[in-house]
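**Q** After the C-alpha cells below, expect a handful of questions from me.
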Amino acid sequence: MCQALELGEGKRVRLITLASEAGAELLGATELSAEFVRTAGQPHRAAVRFLWKGDQAPGNDLLTASQRLLDLSVVDRGCLLLGQELSSPLTADQAAQRVDRELAGLRGPDMSEELRRQNTQLLQALQDERSRSDELERLNKELDETNAGVMALYSELSGELEETNRGVVALYADLEDKSRRLRLASAAKTRFWANVSHELRTPVNAVIALAQLLLDAGAEPLTDEQHQQVSLIAGSGNTLLALVEELLDTAKAESGRLEPQLVEADLRTVLHQLRGTLASTTAEGVTLEIADTAFPGPFVTDEVMLTRILRNVLSNSLKFTTEGSVRLTVADERRADGPWAVFTVTDTGVGIPEDEIEQVFEEFYQVRGVHQRHVSGTGLGLPYARKLTELLGGRLTLTSRLGHGTRVVVELPAAPARSAGPLPQEPLLRSVVIIDDDPVFLRTLRPTLGRLAETTTEVTHSVEALRTIRTTMPDAVLVDLAMPSPDGYQVLQQIAAVPGLAQVPVVVLTSMGESDIDRSRLGRARAVLGKTHLTAERLAEALGLRARDTGSAPGEPAATDRQDPKDAKDTPAP
C-alpha cells in the first residue's frame, strides 16, 4: 500500500522498520490491533496506527528513534500513530482507488512474497549500514596507525637532526681550532722569515760593501785572480742579499706591513739597470732584448719594487731558455682610470704545463721535469713578483705552453709625481755626528758622509753621545737604534732634553723592520732610514739637503746602478 501511495523507498523502509519494532514491543497487549491508514488534511501522510488497552506502552528508545526518523510520531494512552508524508498529495478517492488496484493485483501468497522482499531490502540496508560502519572503523584504525607512524618518524628525524646539529657544532669548533692553529703557524713562519732575514742582512751588507771597497779604483791594486775572486764575492753577496730581502718582503707582504713608496720613476734608467745586471746571466745562444723606452709622461711607482718585479720575471725566463730569445717590451695604454704601463716578457723557453700554471704562483713551488732538473731556484720569484705587482695596484698574468715558451704581462697604473730636482755640487753641512757601534757599517758609510759634510764625528759608545754633540754642535745627527744601553731611543730622549739642541736635525738609521720600530719613542727625529744601500741622495732628502754630486763615492754603488732596494722604506718620523 505504501508503494501504491507512491511513498519513497527510504521513507517506506523507515516506516516499516519502526512499525515492526513497535508491534514487537506491544505484542501481548490487551486487544492489540494495527491498521494502515491515510491521514486527512495537510500534509497527507501514510501511517500505521496501533490500538490497545491497559498500561503497556512502547519503550523510550523506540519513541526517540521514531521522532527522529519519521515525519509523524504521536503516542497517547492506548494509541500509537507512526507515519510519513507523501511526496504527492491524493484525494481520499484517489488513494482508495490506488490501494484497491494494488490489493486487487495481489494474491494472498503474493503478500507474503512482498513482505519477504521488503524484509530482504531491509536486511540489505542494515547490512550495508553495518559494512559502512565496519569500513569507517577500519579507516579510523588505519588513521591511528598512520598517525603513530608519523609520530615515530618525526621522533626519529628529530633525533637524527639533533645528532647532525651536534656534529656540525663539533665540526665548526674543530675547524675554528685548526684555523687558529694555521694562523699561529703562519704568523710564526712570518716571524721566522723576518727574524732570519734581518739577522742575515747586516753581515751580507758588510761583505758587499767591503768587496766594493776592494774593487774601487782608488783602492790598492789587485792581481787579476784576486780581482776575479773579489768580484765573485761581491756578486754572490748581491745574490744572497736579494734572496734575503725577497724573503723579508714576502713576510712583510703577508702580514700587510710592506707599503710602496711612490715617486716619479725614470723608466729608461730602470731598463738600463736590468740590461746591465742580467747580461751576465744570459746563456750562450740566447738573446736578451730589453727595450730602451721612456714612458710618455710622468710614471709614478715604487722604483725599487718595479726593478724587482721585472728582474724576477726576466731571471725566471732566462733560467728556462736554452736557445732563442728573452724579450721585454714596454707600452703605454690610456684607460678609463688613467694611463697604464704594460711590461711584456716573452721567451722561447721550455714552457709550463697547463695544469701547473696557477701553481707556479705558490711560494716555493717548482715545476718538475727532465728539462728543468738542473735549474736552481727557490720558487719565490713569480709569487714575489705578483705580490709586488698587486701592492702597486696592478696585475701580473702568465700564459704558457709546454715546449713553446712563456709570456708574462705586468700592468701597472701611472700617475703624476714630484721630482727631487738636480743635486748641487758642494756640501751644505759643516759637520755631522753619527752614533753607531758597528765599525763595519761606519767604515762603509764614511765615503757617503764625505759627500754631505766637511767633517764627520763617529761615536761608537752611546754613553759619550750627548757630550760629543754638545761639544761639536753639529749641523746634523745620525743615530742607530740598536745599541747597548743607552740605546738609540734613550739617546734621542737625551738630545730632546737639551734646549740648545732643539734646532739640530736628527735622522734615525736602523736595520730593524718597520713593525719593530717603536715610533712613539722617536721624539723629534726627522726620518727613519734603512741601512741597506744608504746613499747620499737619501740622506740629503731626509735632511732637506742636496749631495755634492751625482757620482758614486768610494765603496758606494751609484744611485742609478743599484741592483737591490733598500731594506727598510724611508719613512718620516712622527
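Numbering starts fresh at 1 for the residues of each chain in the C-alpha cells, the chains themselves are lettered A, B, ... in the order given, and ligands are numbered from 1 as they appear.
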Each residue of segment 1-35 of chain A with at least one atom at most 10 Å from segment 72-86 of chain A should appear once, together with its nearest atom pair and the corresponding distance in Å (one decimal); atoms considered: only C-alpha atoms; ordering: chain, then increasing residue number; output as CSV.
**A**
residue,atom,partner,partner_atom,distance
A:Cys2,CA,A:Leu86,CA,9.2
A:Leu5,CA,A:Leu86,CA,7.3
A:Glu6,CA,A:Leu86,CA,7.0
A:Leu7,CA,A:Leu86,CA,5.6
A:Gly8,CA,A:Leu86,CA,8.0
A:Lys11,CA,A:Gln84,CA,6.5
A:Arg12,CA,A:Gln84,CA,7.8
A:Arg14,CA,A:Gln84,CA,8.9
A:Leu15,CA,A:Gly83,CA,6.6
A:Ile16,CA,A:Leu82,CA,9.5
A:Leu18,CA,A:Leu82,CA,8.0
A:Ala19,CA,A:Leu82,CA,7.1
A:Ala22,CA,A:Leu80,CA,8.6
A:Ala29,CA,A:Gly78,CA,9.6
A:Thr30,CA,A:Gly78,CA,9.7
A:Glu31,CA,A:Gly78,CA,9.9
A:Leu32,CA,A:Gly78,CA,9.0
A:Ser33,CA,A:Cys79,CA,9.9
A:Ala34,CA,A:Leu80,CA,9.4
A:Glu35,CA,A:Leu81,CA,9.8
**Q** Could you tell me, as a compact mmCIF listing (two decimals) with N, CA and C atoms, in the first residue's frame, which residues of segment 7-240 of chain A DSSP assigns to strand (DSSP E) when given the backbone?
**A**
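Below is the file result-v3.txt, written as the result:
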# COMPACT_ATOMS: atom_id res chain seq x y z
N THR A 30 -3.42 -6.06 25.65
CA THR A 30 -4.85 -6.40 25.58
C THR A 30 -5.48 -5.73 24.37
N GLU A 31 -6.18 -6.52 23.60
CA GLU A 31 -6.92 -6.06 22.44
C GLU A 31 -6.04 -5.23 21.48
N LEU A 32 -4.83 -5.73 21.25
CA LEU A 32 -3.89 -5.04 20.35
C LEU A 32 -4.36 -5.18 18.91
N SER A 33 -4.36 -4.04 18.17
CA SER A 33 -4.69 -4.07 16.75
C SER A 33 -3.80 -3.05 16.03
N ALA A 34 -3.57 -3.31 14.74
CA ALA A 34 -2.75 -2.41 13.92
C ALA A 34 -3.41 -2.25 12.57
N GLU A 35 -3.41 -1.04 12.07
CA GLU A 35 -4.01 -0.80 10.77
C GLU A 35 -3.22 0.28 10.01
N PHE A 36 -3.23 0.12 8.68
CA PHE A 36 -2.60 1.09 7.79
C PHE A 36 -3.62 2.14 7.43
N VAL A 37 -3.32 3.41 7.68
CA VAL A 37 -4.28 4.47 7.47
C VAL A 37 -3.63 5.59 6.64
N ARG A 38 -4.50 6.41 6.10
CA ARG A 38 -4.05 7.62 5.41
C ARG A 38 -4.70 8.78 6.14
N THR A 39 -3.87 9.68 6.67
CA THR A 39 -4.42 10.79 7.44
C THR A 39 -4.95 11.84 6.50
N ARG A 45 -0.38 12.04 4.76
CA ARG A 45 0.55 11.06 5.31
C ARG A 45 -0.01 9.66 5.15
N ALA A 46 0.97 8.72 5.03
CA ALA A 46 0.64 7.29 5.14
C ALA A 46 1.12 6.87 6.51
N ALA A 47 0.24 6.20 7.30
CA ALA A 47 0.58 5.94 8.70
C ALA A 47 0.13 4.54 9.11
N VAL A 48 0.74 4.06 10.20
CA VAL A 48 0.35 2.80 10.85
C VAL A 48 -0.12 3.18 12.25
N ARG A 49 -1.32 2.71 12.62
CA ARG A 49 -1.89 3.07 13.91
C ARG A 49 -2.09 1.82 14.75
N PHE A 50 -1.55 1.86 15.98
CA PHE A 50 -1.69 0.75 16.93
C PHE A 50 -2.68 1.18 18.02
N LEU A 51 -3.60 0.27 18.37
CA LEU A 51 -4.58 0.50 19.44
C LEU A 51 -4.51 -0.68 20.41
N TRP A 52 -4.63 -0.42 21.71
CA TRP A 52 -4.62 -1.46 22.74
C TRP A 52 -5.22 -0.92 24.03
N LYS A 53 -5.39 -1.77 24.99
CA LYS A 53 -5.94 -1.37 26.29
C LYS A 53 -4.96 -1.77 27.36
N LEU A 72 5.91 11.66 11.37
CA LEU A 72 4.79 11.67 12.32
C LEU A 72 5.03 10.61 13.38
N SER A 73 5.01 11.03 14.62
CA SER A 73 5.17 10.09 15.74
C SER A 73 4.38 10.65 16.92
N VAL A 74 3.19 10.01 17.16
CA VAL A 74 2.31 10.51 18.22
C VAL A 74 1.94 9.31 19.10
N VAL A 75 2.07 9.46 20.41
CA VAL A 75 1.69 8.40 21.34
C VAL A 75 0.74 8.99 22.38
N ASP A 76 -0.28 8.27 22.63
CA ASP A 76 -1.25 8.65 23.66
C ASP A 76 -1.66 7.37 24.37
N CYS A 79 -2.79 4.39 22.26
CA CYS A 79 -2.76 4.69 20.82
C CYS A 79 -1.36 5.17 20.43
N LEU A 80 -0.81 4.58 19.30
CA LEU A 80 0.49 4.98 18.75
C LEU A 80 0.31 5.17 17.25
N LEU A 81 0.65 6.35 16.75
CA LEU A 81 0.49 6.66 15.34
C LEU A 81 1.87 7.00 14.77
N LEU A 82 2.32 6.20 13.78
CA LEU A 82 3.61 6.40 13.09
C LEU A 82 3.35 6.62 11.61
N GLY A 83 3.91 7.74 11.04
CA GLY A 83 3.60 8.00 9.64
C GLY A 83 4.70 8.79 8.92
N GLN A 84 4.57 8.79 7.55
CA GLN A 84 5.49 9.53 6.69
C GLN A 84 4.68 10.35 5.72
N GLU A 85 5.18 11.51 5.38
CA GLU A 85 4.49 12.37 4.44
C GLU A 85 4.62 11.81 3.03
**Q** As a ChimeraX atom specification, please: every residue in segment 293-447 of chain A that DSSP puts in helix (DSSP H, G or I).
**A** /A:303-319,354-356,359-361,370-372,381-391,439-447
